[in-house]
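**Q** File follows, coords.csv with CSV, C-alpha atoms:
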chain,number,residue,atom,x,y,z
B,73,MET,CA,-14.3,47.0,-184.5
B,74,LEU,CA,-16.3,49.4,-182.3
B,75,THR,CA,-15.6,50.3,-178.7
B,76,THR,CA,-18.3,49.5,-176.1
B,77,VAL,CA,-19.4,53.1,-176.1
B,78,GLU,CA,-19.7,53.2,-179.9
B,79,ALA,CA,-21.6,49.9,-179.9
B,80,THR,CA,-24.1,51.2,-177.4
B,81,HIS,CA,-24.6,54.4,-179.3
B,82,ALA,CA,-25.1,52.5,-182.6
B,83,ILE,CA,-27.7,50.3,-181.1
B,84,GLY,CA,-29.6,53.2,-179.5
B,85,LYS,CA,-29.6,55.1,-182.8
B,86,ALA,CA,-30.8,52.1,-184.8
B,87,ILE,CA,-33.5,50.6,-182.6
B,88,VAL,CA,-37.1,51.9,-183.0
B,89,ASP,CA,-39.6,52.7,-180.3
B,90,PHE,CA,-42.0,49.9,-179.4
B,91,GLY,CA,-45.0,52.3,-179.1
B,92,SER,CA,-47.6,52.3,-176.4
B,93,GLU,CA,-50.8,50.8,-175.1
B,94,THR,CA,-53.3,51.4,-172.3
B,95,VAL,CA,-53.4,48.9,-169.5
B,96,ALA,CA,-55.4,48.6,-166.3
B,97,LEU,CA,-53.6,49.9,-163.2
B,98,ASP,CA,-53.1,46.4,-161.8
B,99,LYS,CA,-51.2,45.4,-164.9
B,100,ALA,CA,-48.9,48.5,-165.0
B,101,ILE,CA,-46.2,47.4,-162.5
B,102,GLY,CA,-42.8,47.3,-164.2
B,103,ARG,CA,-44.0,49.0,-167.4
B,104,VAL,CA,-42.7,52.3,-168.7
B,105,LEU,CA,-45.0,55.3,-168.4
B,106,HIS,CA,-45.7,57.1,-171.7
B,107,ARG,CA,-47.9,60.0,-170.4
B,108,PRO,CA,-47.4,62.3,-167.4
B,109,VAL,CA,-49.6,61.8,-164.4
B,110,HIS,CA,-51.0,64.9,-162.7
B,111,ALA,CA,-52.6,65.3,-159.3
B,112,GLU,CA,-56.3,65.0,-159.4
B,113,ARG,CA,-56.7,67.1,-156.2
B,114,ASP,CA,-54.7,68.9,-153.5
B,115,GLN,CA,-52.8,66.4,-151.3
B,116,PRO,CA,-54.0,66.1,-148.7
B,117,PRO,CA,-57.4,67.4,-150.0
B,118,PHE,CA,-58.3,68.8,-146.6
B,119,ASP,CA,-56.6,69.6,-143.3
B,120,ARG,CA,-55.9,66.0,-142.1
B,121,VAL,CA,-55.7,64.8,-138.5
B,122,MET,CA,-52.4,63.0,-137.9
B,123,MET,CA,-53.0,61.5,-134.5
B,124,ASP,CA,-55.8,59.7,-132.6
B,125,GLY,CA,-57.0,62.0,-129.8
B,126,ILE,CA,-59.2,65.1,-129.4
B,127,ALA,CA,-59.6,68.2,-131.5
B,128,ILE,CA,-59.9,71.4,-129.6
B,129,ARG,CA,-59.6,75.2,-130.2
B,130,PHE,CA,-56.1,76.3,-129.3
B,131,ALA,CA,-57.6,79.5,-127.9
B,132,ASP,CA,-59.5,77.5,-125.3
B,133,PHE,CA,-56.3,75.7,-124.2
B,134,ASP,CA,-54.3,78.9,-124.3
B,135,THR,CA,-56.7,80.5,-121.7
B,136,GLY,CA,-55.9,77.6,-119.3
B,137,GLU,CA,-58.8,75.2,-120.0
B,138,ARG,CA,-57.6,71.5,-119.5
B,139,ASN,CA,-61.0,69.7,-119.2
B,140,PHE,CA,-63.1,69.5,-122.3
B,141,PRO,CA,-66.6,68.0,-122.6
B,142,ILE,CA,-66.8,65.6,-125.5
B,143,GLN,CA,-69.1,67.0,-128.1
B,144,SER,CA,-69.0,64.1,-130.6
B,145,ARG,CA,-66.8,61.5,-132.2
B,146,GLN,CA,-65.5,61.9,-135.8
B,147,GLN,CA,-63.9,59.1,-137.8
B,148,ALA,CA,-61.9,59.2,-141.1
B,149,GLY,CA,-64.3,59.4,-144.0
B,150,GLU,CA,-66.9,61.5,-142.3
B,151,PRO,CA,-67.7,65.2,-143.1
B,152,ALA,CA,-66.1,67.6,-140.8
B,153,HIS,CA,-68.1,68.3,-137.6
B,154,ARG,CA,-68.4,71.9,-136.3
B,155,LEU,CA,-66.7,72.3,-132.9
B,156,GLU,CA,-68.4,74.3,-130.2
B,157,THR,CA,-66.4,76.7,-128.0
B,158,GLY,CA,-65.0,75.0,-124.9
B,159,LYS,CA,-65.6,71.5,-126.1
B,160,CYS,CA,-63.7,68.8,-127.9
B,161,ILE,CA,-64.3,66.2,-130.5
B,162,GLU,CA,-62.9,62.7,-130.3
B,163,ILE,CA,-60.9,62.3,-133.5
B,164,MET,CA,-59.3,59.6,-135.5
B,165,THR,CA,-56.2,59.6,-137.6
B,166,GLY,CA,-57.0,60.5,-141.2
B,167,ALA,CA,-60.1,62.4,-140.4
B,168,CYS,CA,-60.8,66.0,-141.6
B,169,VAL,CA,-60.0,68.6,-138.9
B,170,PRO,CA,-63.4,69.7,-137.5
B,171,GLN,CA,-64.6,73.1,-138.4
B,172,GLY,CA,-63.3,75.6,-135.7
B,173,ALA,CA,-60.6,73.2,-134.4
B,174,ASP,CA,-57.0,74.0,-134.8
B,175,CYS,CA,-55.2,71.7,-132.3
B,176,ILE,CA,-55.0,67.9,-131.9
B,177,VAL,CA,-54.1,66.5,-128.5
B,178,PRO,CA,-52.9,62.8,-128.8
B,179,VAL,CA,-54.9,60.2,-127.0
B,180,GLU,CA,-51.9,59.3,-124.9
B,181,ARG,CA,-52.1,62.7,-123.3
B,182,ILE,CA,-55.7,62.6,-122.2
B,183,THR,CA,-57.9,60.9,-119.7
B,184,VAL,CA,-61.6,60.4,-120.5
B,185,SER,CA,-64.1,60.4,-117.6
B,186,ASP,CA,-67.8,61.3,-117.2
B,187,GLY,CA,-68.1,62.4,-120.9
B,188,ALA,CA,-65.1,64.7,-120.8
B,189,ALA,CA,-61.5,64.6,-121.8
B,190,GLY,CA,-58.9,65.9,-119.4
B,191,ILE,CA,-55.4,66.9,-120.7
B,192,GLU,CA,-52.5,65.7,-118.5
B,193,ALA,CA,-50.8,68.3,-116.3
B,194,GLY,CA,-47.9,70.1,-117.8
B,195,TYR,CA,-48.8,69.2,-121.3
B,196,SER,CA,-47.6,71.9,-123.8
B,197,ALA,CA,-49.7,72.3,-126.9
B,198,GLU,CA,-49.2,74.4,-130.1
B,199,ARG,CA,-51.6,75.8,-132.6
B,200,ARG,CA,-52.1,73.4,-135.6
B,201,GLN,CA,-50.1,70.7,-134.0
B,202,HIS,CA,-50.6,67.2,-135.5
B,203,ILE,CA,-52.5,68.7,-138.5
B,204,HIS,CA,-51.3,67.8,-142.0
B,205,ALA,CA,-52.2,71.0,-143.9
B,206,ARG,CA,-54.2,70.8,-147.1
B,207,ALA,CA,-52.0,70.9,-150.2
B,208,SER,CA,-48.8,70.7,-148.2
B,209,ASP,CA,-47.7,67.7,-150.2
B,210,HIS,CA,-48.7,69.0,-153.6
B,211,THR,CA,-51.5,71.0,-155.3
B,212,GLU,CA,-54.1,70.0,-157.8
B,213,GLY,CA,-52.5,69.6,-161.3
B,214,THR,CA,-49.0,69.1,-160.1
B,215,GLN,CA,-47.1,66.6,-162.3
B,216,LEU,CA,-46.4,63.6,-160.2
B,217,LEU,CA,-44.8,61.2,-162.7
B,218,ARG,CA,-42.9,61.9,-165.8
B,219,PRO,CA,-43.0,59.8,-169.1
B,220,GLY,CA,-40.1,57.4,-169.0
B,221,THR,CA,-40.7,56.3,-165.4
B,222,ARG,CA,-40.6,52.6,-164.9
B,223,ILE,CA,-43.6,52.0,-162.7
B,224,ALA,CA,-42.8,50.8,-159.2
B,225,PRO,CA,-45.2,50.0,-156.4
B,226,ALA,CA,-45.0,53.5,-155.0
B,227,ASP,CA,-45.9,54.8,-158.5
B,228,VAL,CA,-48.9,52.6,-158.6
B,229,ALA,CA,-50.1,54.4,-155.4
B,230,ILE,CA,-49.5,57.8,-157.0
B,231,ILE,CA,-51.4,56.8,-160.2
B,232,ALA,CA,-54.3,55.5,-158.1
B,233,SER,CA,-54.3,58.7,-156.1
B,234,ALA,CA,-54.7,60.6,-159.3
B,235,GLY,CA,-57.9,58.8,-160.0
B,236,LEU,CA,-56.6,56.8,-163.0
B,237,PRO,CA,-58.0,53.3,-163.3
B,238,GLU,CA,-55.7,52.7,-166.4
B,239,VAL,CA,-52.5,54.2,-167.7
B,240,GLU,CA,-50.7,54.5,-171.0
B,241,VAL,CA,-47.4,52.5,-171.0
B,242,SER,CA,-44.9,51.1,-173.4
B,243,ARG,CA,-46.0,48.2,-175.5
B,244,LEU,CA,-44.2,45.0,-174.5
B,245,PRO,CA,-42.1,43.8,-177.4
B,246,VAL,CA,-42.5,40.3,-178.8
B,247,ILE,CA,-39.0,38.7,-178.3
B,248,ARG,CA,-37.7,35.4,-179.7
B,249,VAL,CA,-34.5,33.9,-178.2
B,250,ILE,CA,-32.7,31.4,-180.5
B,251,SER,CA,-29.9,29.1,-179.5
B,252,THR,CA,-27.8,27.6,-182.3
B,253,GLY,CA,-25.5,24.6,-182.3
B,254,ASN,CA,-25.6,20.9,-183.0
B,255,GLU,CA,-24.0,20.1,-179.7
B,256,LEU,CA,-26.8,21.5,-177.5
B,257,VAL,CA,-29.2,19.2,-175.7
B,258,PRO,CA,-32.0,20.6,-173.5
B,259,ALA,CA,-32.4,19.6,-169.8
B,260,GLY,CA,-34.3,16.3,-169.4
B,261,LYS,CA,-33.2,14.8,-172.6
B,262,PRO,CA,-30.6,12.0,-173.0
B,263,ILE,CA,-27.1,13.3,-173.6
B,264,ASP,CA,-24.0,11.8,-175.1
B,265,ALA,CA,-20.4,12.4,-174.0
B,266,HIS,CA,-19.7,14.7,-176.9
B,267,GLN,CA,-22.7,17.0,-176.3
B,268,ILE,CA,-23.4,19.8,-173.8
B,269,ARG,CA,-26.5,21.0,-172.1
B,270,GLU,CA,-28.4,23.9,-173.6
B,271,SER,CA,-28.1,26.7,-171.0
B,272,ASN,CA,-27.7,30.0,-172.8
B,273,GLY,CA,-31.3,30.2,-174.1
B,274,PRO,CA,-33.0,29.5,-170.8
B,275,ALA,CA,-30.7,32.0,-169.1
B,276,VAL,CA,-31.3,34.8,-171.6
B,277,VAL,CA,-35.1,34.2,-171.4
B,278,ALA,CA,-34.8,34.3,-167.6
B,279,MET,CA,-32.9,37.6,-167.7
B,280,LEU,CA,-35.4,39.2,-170.1
B,281,LYS,CA,-38.4,38.1,-168.0
B,282,GLN,CA,-36.7,39.3,-164.8
B,283,LYS,CA,-36.6,42.7,-166.4
B,284,GLY,CA,-40.3,42.6,-167.3
B,285,TYR,CA,-40.1,41.4,-170.9
B,286,VAL,CA,-42.5,38.5,-170.5
B,287,ASP,CA,-43.5,37.9,-174.1
B,288,CYS,CA,-40.4,35.9,-174.7
B,289,GLN,CA,-40.0,32.4,-176.2
B,290,HIS,CA,-37.0,30.2,-176.9
B,291,ASP,CA,-36.1,28.0,-179.9
B,292,HIS,CA,-33.1,25.8,-180.6
B,293,LEU,CA,-31.7,25.5,-184.1
B,294,VAL,CA,-29.0,23.2,-185.4
B,295,ASP,CA,-26.1,24.5,-187.6
B,296,ASP,CA,-27.9,23.9,-190.9
B,297,VAL,CA,-28.2,26.8,-193.3
B,298,GLU,CA,-31.6,25.8,-194.7
B,299,ILE,CA,-33.1,25.2,-191.3
B,300,LEU,CA,-31.6,28.5,-190.0
B,301,GLU,CA,-33.0,30.5,-192.9
B,302,ARG,CA,-36.5,29.0,-192.6
B,303,ARG,CA,-36.9,29.2,-188.8
B,304,ILE,CA,-35.2,32.6,-188.4
B,305,ALA,CA,-37.4,34.0,-191.1
B,306,GLU,CA,-40.5,32.7,-189.2
B,307,HIS,CA,-39.2,34.3,-186.0
B,308,LEU,CA,-38.5,37.6,-187.8
B,309,ASP,CA,-42.1,37.7,-189.0
B,310,ALA,CA,-43.4,37.1,-185.5
B,311,ALA,CA,-41.2,39.2,-183.3
B,312,ASP,CA,-40.0,42.8,-182.6
B,313,VAL,CA,-36.7,41.5,-181.3
B,314,LEU,CA,-34.5,38.5,-182.0
B,315,VAL,CA,-31.7,37.5,-179.6
B,316,LEU,CA,-29.5,34.7,-181.0
B,317,SER,CA,-26.8,32.9,-179.2
B,318,GLY,CA,-23.9,31.3,-181.0
B,319,GLY,CA,-22.8,31.0,-184.6
B,320,VAL,CA,-21.4,34.6,-185.0
B,321,SER,CA,-17.6,34.0,-184.7
B,322,MET,CA,-15.1,32.9,-187.4
B,323,GLY,CA,-15.8,29.1,-187.5
B,324,LYS,CA,-16.9,27.3,-190.6
B,325,ALA,CA,-20.2,26.4,-189.0
B,326,ASP,CA,-20.9,30.0,-187.8
B,327,PHE,CA,-23.6,30.7,-190.3
B,328,VAL,CA,-25.7,33.3,-188.5
B,329,PRO,CA,-24.3,36.5,-190.1
B,330,GLN,CA,-24.7,35.2,-193.6
B,331,VAL,CA,-28.2,33.9,-192.9
B,332,LEU,CA,-29.3,37.1,-191.4
B,333,GLN,CA,-27.9,39.1,-194.4
B,334,LYS,CA,-29.8,36.8,-196.8
B,335,LEU,CA,-33.0,37.5,-194.8
B,336,GLY,CA,-32.6,41.2,-195.3
B,337,VAL,CA,-31.3,42.0,-191.9
B,338,GLU,CA,-28.9,45.0,-192.3
B,339,VAL,CA,-25.8,44.7,-190.2
B,340,VAL,CA,-25.0,47.7,-188.0
B,341,PHE,CA,-21.8,46.3,-186.6
B,342,HIS,CA,-20.0,43.0,-186.0
B,343,LYS,CA,-17.4,42.8,-183.2
B,344,ILE,CA,-16.8,45.0,-180.2
B,345,SER,CA,-13.4,45.6,-178.6
B,346,GLN,CA,-14.3,43.9,-175.3
B,347,ARG,CA,-13.7,40.7,-173.3
B,348,PRO,CA,-15.8,38.6,-173.1
B,349,GLY,CA,-18.2,39.0,-176.0
B,350,LYS,CA,-15.9,40.4,-178.8
B,351,PRO,CA,-17.8,38.6,-181.7
B,352,MET,CA,-21.2,40.2,-181.0
B,353,TRP,CA,-23.3,41.1,-184.0
B,354,PHE,CA,-26.2,43.6,-184.3
B,355,GLY,CA,-28.5,44.5,-187.1
B,356,ILE,CA,-32.0,45.8,-188.1
B,357,GLY,CA,-34.5,43.6,-189.9
B,358,PRO,CA,-36.6,44.6,-192.9
B,359,GLN,CA,-39.6,45.5,-190.7
B,360,GLN,CA,-37.3,47.3,-188.2
B,361,GLN,CA,-36.8,44.3,-186.0
B,362,ALA,CA,-33.8,44.6,-183.7
B,363,VAL,CA,-31.6,41.5,-184.1
B,364,PHE,CA,-28.9,40.8,-181.5
B,365,ALA,CA,-26.6,37.9,-182.3
B,366,LEU,CA,-24.5,37.1,-179.2
B,367,PRO,CA,-21.4,35.0,-178.9
B,368,GLY,CA,-22.1,31.4,-177.8
B,369,ASN,CA,-19.9,31.1,-174.8
B,370,PRO,CA,-22.2,31.4,-171.7
B,371,VAL,CA,-20.4,34.2,-169.9
B,372,SER,CA,-20.2,36.2,-173.2
B,373,THR,CA,-23.9,35.6,-173.8
B,374,LEU,CA,-25.0,36.8,-170.4
B,375,VAL,CA,-22.7,39.8,-170.3
B,376,CYS,CA,-23.7,40.9,-173.8
B,377,CYS,CA,-27.4,40.4,-173.1
B,378,ARG,CA,-27.1,42.5,-169.9
B,379,HIS,CA,-24.9,45.2,-171.4
B,380,TYR,CA,-26.5,45.7,-174.8
B,381,VAL,CA,-29.9,44.0,-175.1
B,382,ILE,CA,-31.5,45.1,-171.8
B,383,PRO,CA,-30.5,48.8,-172.2
B,384,ALA,CA,-31.7,48.8,-175.8
B,385,LEU,CA,-35.1,47.3,-174.8
B,386,ALA,CA,-35.4,50.0,-172.1
B,387,LYS,CA,-34.6,52.7,-174.6
B,388,ALA,CA,-37.1,51.4,-177.2
B,389,SER,CA,-39.7,51.3,-174.4
B,390,GLY,CA,-39.1,55.0,-173.7
B,391,ALA,CA,-37.5,54.5,-170.3
B,392,SER,CA,-35.5,57.3,-168.8
B,393,PRO,CA,-31.8,56.4,-168.5
B,394,GLY,CA,-30.7,55.5,-165.0
B,395,ASN,CA,-27.8,57.1,-163.2
B,396,PRO,CA,-24.5,55.3,-163.5
B,397,VAL,CA,-23.3,53.2,-160.6
B,398,PHE,CA,-19.7,52.9,-159.4
B,399,ALA,CA,-17.8,50.7,-157.0
B,400,ALA,CA,-14.2,50.6,-155.8
B,401,LEU,CA,-12.1,47.5,-156.6
B,402,ALA,CA,-11.5,45.4,-153.5
B,403,GLN,CA,-8.2,44.1,-154.9
B,404,ASP,CA,-5.7,44.7,-157.7
B,405,VAL,CA,-6.7,43.5,-161.2
B,406,ALA,CA,-4.3,42.9,-164.1
B,407,PHE,CA,-5.0,41.5,-167.6
B,408,ARG,CA,-3.2,41.3,-170.9
B,409,PRO,CA,-5.6,42.0,-173.8
B,410,ILE,CA,-6.0,45.7,-174.7
B,411,LEU,CA,-9.8,45.5,-174.7
B,412,THR,CA,-12.5,46.7,-172.4
B,413,CYS,CA,-12.8,44.1,-169.7
B,414,PHE,CA,-16.2,43.1,-168.2
B,415,LEU,CA,-15.3,41.3,-165.0
B,416,PRO,CA,-17.9,39.6,-162.9
B,417,THR,CA,-17.9,40.7,-159.3
B,418,ARG,CA,-19.4,40.2,-155.9
B,419,LEU,CA,-20.3,43.3,-153.9
B,420,VAL,CA,-19.1,43.9,-150.3
B,421,SER,CA,-18.8,47.0,-148.2
B,422,ASN,CA,-16.1,48.2,-145.8
B,423,ALA,CA,-16.6,49.6,-142.3
B,424,ALA,CA,-17.0,53.1,-143.8
B,425,GLY,CA,-19.9,51.9,-146.0
B,426,THR,CA,-18.0,52.1,-149.3
B,427,LEU,CA,-19.3,49.8,-151.9
B,428,LEU,CA,-16.5,47.4,-152.9
B,429,ALA,CA,-16.3,45.1,-156.0
B,430,LEU,CA,-14.6,41.8,-155.3
B,431,PRO,CA,-13.6,40.4,-158.7
B,432,VAL,CA,-14.5,36.9,-159.7
B,433,HIS,CA,-12.3,35.5,-162.5
B,434,PRO,CA,-14.0,32.8,-164.6
B,435,ASN,CA,-11.6,30.2,-165.9
B,436,THR,CA,-12.8,30.9,-169.5
B,437,SER,CA,-15.8,32.6,-171.0
B,438,GLY,CA,-17.5,29.2,-170.9
B,439,ASP,CA,-17.2,29.1,-167.1
B,440,PHE,CA,-20.8,30.2,-166.3
B,441,ALA,CA,-20.8,28.3,-163.0
B,442,SER,CA,-18.5,31.0,-161.6
B,443,LEU,CA,-21.2,33.6,-162.0
B,444,THR,CA,-23.3,32.2,-159.2
B,445,GLY,CA,-23.4,34.6,-156.3
B,446,THR,CA,-22.1,37.5,-158.4
B,447,ASP,CA,-24.0,40.8,-158.3
B,448,GLY,CA,-23.0,42.0,-161.7
B,449,TYR,CA,-19.8,43.0,-163.4
B,450,VAL,CA,-17.4,45.9,-163.4
B,451,GLU,CA,-16.2,47.7,-166.6
B,452,LEU,CA,-12.4,48.1,-166.9
B,453,ALA,CA,-11.4,50.7,-169.4
B,454,LEU,CA,-10.0,50.0,-172.9
B,455,GLU,CA,-6.2,50.2,-173.3
B,456,GLU,CA,-5.5,49.8,-169.6
B,457,THR,CA,-4.1,46.6,-168.2
B,458,PHE,CA,-3.7,47.2,-164.5
B,459,PHE,CA,-6.2,48.6,-161.9
B,460,GLU,CA,-5.0,48.9,-158.3
B,461,THR,CA,-7.1,48.3,-155.2
B,462,GLY,CA,-9.5,51.2,-154.6
B,463,THR,CA,-9.9,52.3,-158.2
B,464,THR,CA,-13.4,53.5,-158.9
B,465,VAL,CA,-14.9,51.7,-161.8
B,466,PRO,CA,-18.4,51.5,-163.5
B,467,LEU,CA,-20.6,48.8,-162.0
B,468,HIS,CA,-23.4,47.0,-163.9
B,469,ARG,CA,-25.7,44.8,-161.8
B,470,TRP,CA,-27.2,41.8,-163.4
Would it be possible to restate this file's structure as structure tokens?
**A**
Amino acid sequence: MLTTVEATHAIGKAIVDFGSETVALDKAIGRVLHRPVHAERDQPPFDRVMMDGIAIRFADFDTGERNFPIQSRQQAGEPAHRLETGKCIEIMTGACVPQGADCIVPVERITVSDGAAGIEAGYSAERRQHIHARASDHTEGTQLLRPGTRIAPADVAIIASAGLPEVEVSRLPVIRVISTGNELVPAGKPIDAHQIRESNGPAVVAMLKQKGYVDCQHDHLVDDVEILERRIAEHLDAADVLVLSGGVSMGKADFVPQVLQKLGVEVVFHKISQRPGKPMWFGIGPQQQAVFALPGNPVSTLVCCRHYVIPALAKASGASPGNPVFAALAQDVAFRPILTCFLPTRLVSNAAGTLLALPVHPNTSGDFASLTGTDGYVELALEETFFETGTTVPLHRW
């Protein structure tokens, strides 16, 4: 039985890269960048005016001149005008600094009358004030984004500024989510007293789509070996990734491991020393498909999906690993099994701004209703059974 760290390492070593594709910029949000993005030009590409007002020669101001005839008006997007000595140019934010000008006086500090701009008494100016110098942000050719970046809205702005209408990103994997169990009935269908609602599949699909993996479909299969073999084989042919829920423990109807083995899926591991989610199974299919078989209890399913499936998909997409996040326990926690404990938590902060994890204790690993309002779960170390208030522990947000 692997530790959680060993299981994560084994998945990362076995899963294969999804490859890349080129998409239009407006389709790139949330995708993982596969090629670096370099600056097309200096930024800003010219000395840029930072305030509405007037552009003057500082030398004229420095000799005592405070009243400047208005030579012209220059807006953003116009070529730079040439400023005459002793005059000013009305200027707009974002415009090029006029040739010969080296000082911008804000509009709030001037009064315009009879075609001239007068600077208020006592105003103190400086050479190159309110001028955003050319290339002061970065120079042409600077690498702005690295491969492995998950593209955020600010990154879209950067890519657009580099003049790229399209970008090479990770290919989205085809994912199939499979719920198993005779007892499951989907929402909207009649249900008997001895049955339960199908919730794991929709929840896993929702988690995957929330993380940007939108090519994701769900299927429900009963606990029948022939049906499982036929339908799982079809899903293996269609998908890059299978995520199954249920049928992986020690029950007589837990057929999933034997079915996967018969279909040529090579087991990498079965069982992890953790609670919840101990029976988890992982393997690699004959065409290098990643196959995650998660325990069927709802809390176990969601925790295992978040802790193993989501990071594995990110790695196979080429995403750079994120920095670990920690929180301090808001109360003592004690538990008996000598396993890594994944404990749901709500996040709060104290007056000092410290992030605190307030544990939420589900009644069982089937108590998925207790997860509402939680922000994620904390990871309590293997072979420890007591953690006092204030202990810093790893935090995993949903």
**Q** So which residues touch B:Ala131 within 10 Å, counting all atoms listed in the file, skipping near sequence neighbours fewer than 2 positions away, as a list in words?
**A**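 The filter keeps Ile128, Arg129, Phe133, Asp134, Thr135, Gly136, Glu137, Thr157, Gly158, Ala173, Asp174, Cys175 and Arg199 of chain B.
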**Q** Go ahead and write the residues just picked, C-alpha atoms, as an mmCIF file, keeping the file's coordinate frame.
**A**
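Wrote it out as part-v4.cif, contents follow:
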data_model
loop_
_atom_site.group_PDB
_atom_site.id
_atom_site.type_symbol
_atom_site.label_atom_id
_atom_site.label_comp_id
_atom_site.auth_asym_id
_atom_site.auth_seq_id
_atom_site.Cartn_x
_atom_site.Cartn_y
_atom_site.Cartn_z
ATOM 1 C CA ILE B 128 -59.900 71.400 -129.600
ATOM 2 C CA ARG B 129 -59.600 75.200 -130.200
ATOM 3 C CA PHE B 133 -56.300 75.700 -124.200
ATOM 4 C CA ASP B 134 -54.300 78.900 -124.300
ATOM 5 C CA THR B 135 -56.700 80.500 -121.700
ATOM 6 C CA GLY B 136 -55.900 77.600 -119.300
ATOM 7 C CA GLU B 137 -58.800 75.200 -120.000
ATOM 8 C CA THR B 157 -66.400 76.700 -128.000
ATOM 9 C CA GLY B 158 -65.000 75.000 -124.900
ATOM 10 C CA ALA B 173 -60.600 73.200 -134.400
ATOM 11 C CA ASP B 174 -57.000 74.000 -134.800
ATOM 12 C CA CYS B 175 -55.200 71.700 -132.300
ATOM 13 C CA ARG B 199 -51.600 75.800 -132.600
#
**Q** Excluding B:Pro409 and its own-chain neighbours fewer than 2 positions away, which residues fall within 8 Å of it when counting all atoms listed in the file? Please give them as JSON, numbers by chain.
**A** {"B": [407, 411, 457]}
**Q** Under the rule that only C-alpha atoms are counted, which of B:Gly273, B:Gly318, B:Gly284, B:Pro108 is the nearest residue to B:Thr214?
**A**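 Using only C-alpha atoms, B:Thr214 sits closest to B:Pro108.
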**Q** Can you work out the spacing between atom CA of B:Gln215 and atom CA of B:Ile203 in Å, to one decimal?
**A**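 For atom CA of B:Gln215 relative to atom CA of B:Ile203, the distance reads 24.5 Å.
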**Q** Which residues are close to B:Pro225, i.e. within 8 Å by all atoms listed in the file, leaving aside same-chain residues fewer than 3 positions away? Reply as a list in words.
**A**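 Within the cut-off, the hits are Ile101, Val228 and Ala229 of chain B.
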**Q** From the structure just shown, export stretch 290-294 of chain B with all heavy atoms as an mmCIF file, in the first residue's frame.
**A**
data_model
loop_
_atom_site.group_PDB
_atom_site.id
_atom_site.type_symbol
_atom_site.label_atom_id
_atom_site.label_comp_id
_atom_site.auth_asym_id
_atom_site.auth_seq_id
_atom_site.Cartn_x
_atom_site.Cartn_y
_atom_site.Cartn_z
ATOM 1 N N HIS B 290 -20.363 11.574 -18.929
ATOM 2 C CA HIS B 290 -20.624 10.656 -17.823
ATOM 3 C C HIS B 290 -21.460 9.477 -18.295
ATOM 4 O O HIS B 290 -22.337 9.620 -19.149
ATOM 5 C CB HIS B 290 -21.352 11.402 -16.701
ATOM 6 C CG HIS B 290 -21.786 10.508 -15.582
ATOM 7 N ND1 HIS B 290 -23.105 10.261 -15.288
ATOM 8 C CD2 HIS B 290 -21.054 9.780 -14.693
ATOM 9 C CE1 HIS B 290 -23.176 9.430 -14.262
ATOM 10 N NE2 HIS B 290 -21.950 9.128 -13.878
ATOM 11 N N ASP B 291 -21.186 8.301 -17.728
ATOM 12 C CA ASP B 291 -21.962 7.101 -18.012
ATOM 13 C C ASP B 291 -22.156 6.345 -16.704
ATOM 14 O O ASP B 291 -21.277 6.364 -15.825
ATOM 15 C CB ASP B 291 -21.220 6.223 -19.025
ATOM 16 C CG ASP B 291 -22.088 5.101 -19.590
ATOM 17 O OD1 ASP B 291 -23.312 5.129 -19.374
ATOM 18 O OD2 ASP B 291 -21.526 4.205 -20.255
ATOM 19 N N HIS B 292 -23.311 5.700 -16.572
ATOM 20 C CA HIS B 292 -23.578 4.867 -15.399
ATOM 21 C C HIS B 292 -23.678 3.419 -15.842
ATOM 22 O O HIS B 292 -24.425 3.096 -16.783
ATOM 23 C CB HIS B 292 -24.879 5.285 -14.711
ATOM 24 C CG HIS B 292 -25.346 4.290 -13.687
ATOM 25 N ND1 HIS B 292 -26.629 3.802 -13.659
ATOM 26 C CD2 HIS B 292 -24.677 3.660 -12.684
ATOM 27 C CE1 HIS B 292 -26.740 2.927 -12.668
ATOM 28 N NE2 HIS B 292 -25.569 2.827 -12.061
ATOM 29 N N LEU B 293 -22.958 2.527 -15.163
ATOM 30 C CA LEU B 293 -22.951 1.110 -15.491
ATOM 31 C C LEU B 293 -23.325 0.286 -14.266
ATOM 32 O O LEU B 293 -22.858 0.570 -13.155
ATOM 33 C CB LEU B 293 -21.570 0.678 -15.982
ATOM 34 C CG LEU B 293 -20.988 1.443 -17.174
ATOM 35 C CD1 LEU B 293 -19.607 0.919 -17.512
ATOM 36 C CD2 LEU B 293 -21.901 1.358 -18.379
ATOM 37 N N VAL B 294 -24.163 -0.725 -14.472
ATOM 38 C CA VAL B 294 -24.529 -1.614 -13.372
ATOM 39 C C VAL B 294 -23.406 -2.610 -13.117
ATOM 40 O O VAL B 294 -22.476 -2.761 -13.923
ATOM 41 C CB VAL B 294 -25.850 -2.363 -13.690
ATOM 42 C CG1 VAL B 294 -27.001 -1.382 -13.806
ATOM 43 C CG2 VAL B 294 -25.711 -3.199 -14.958
#
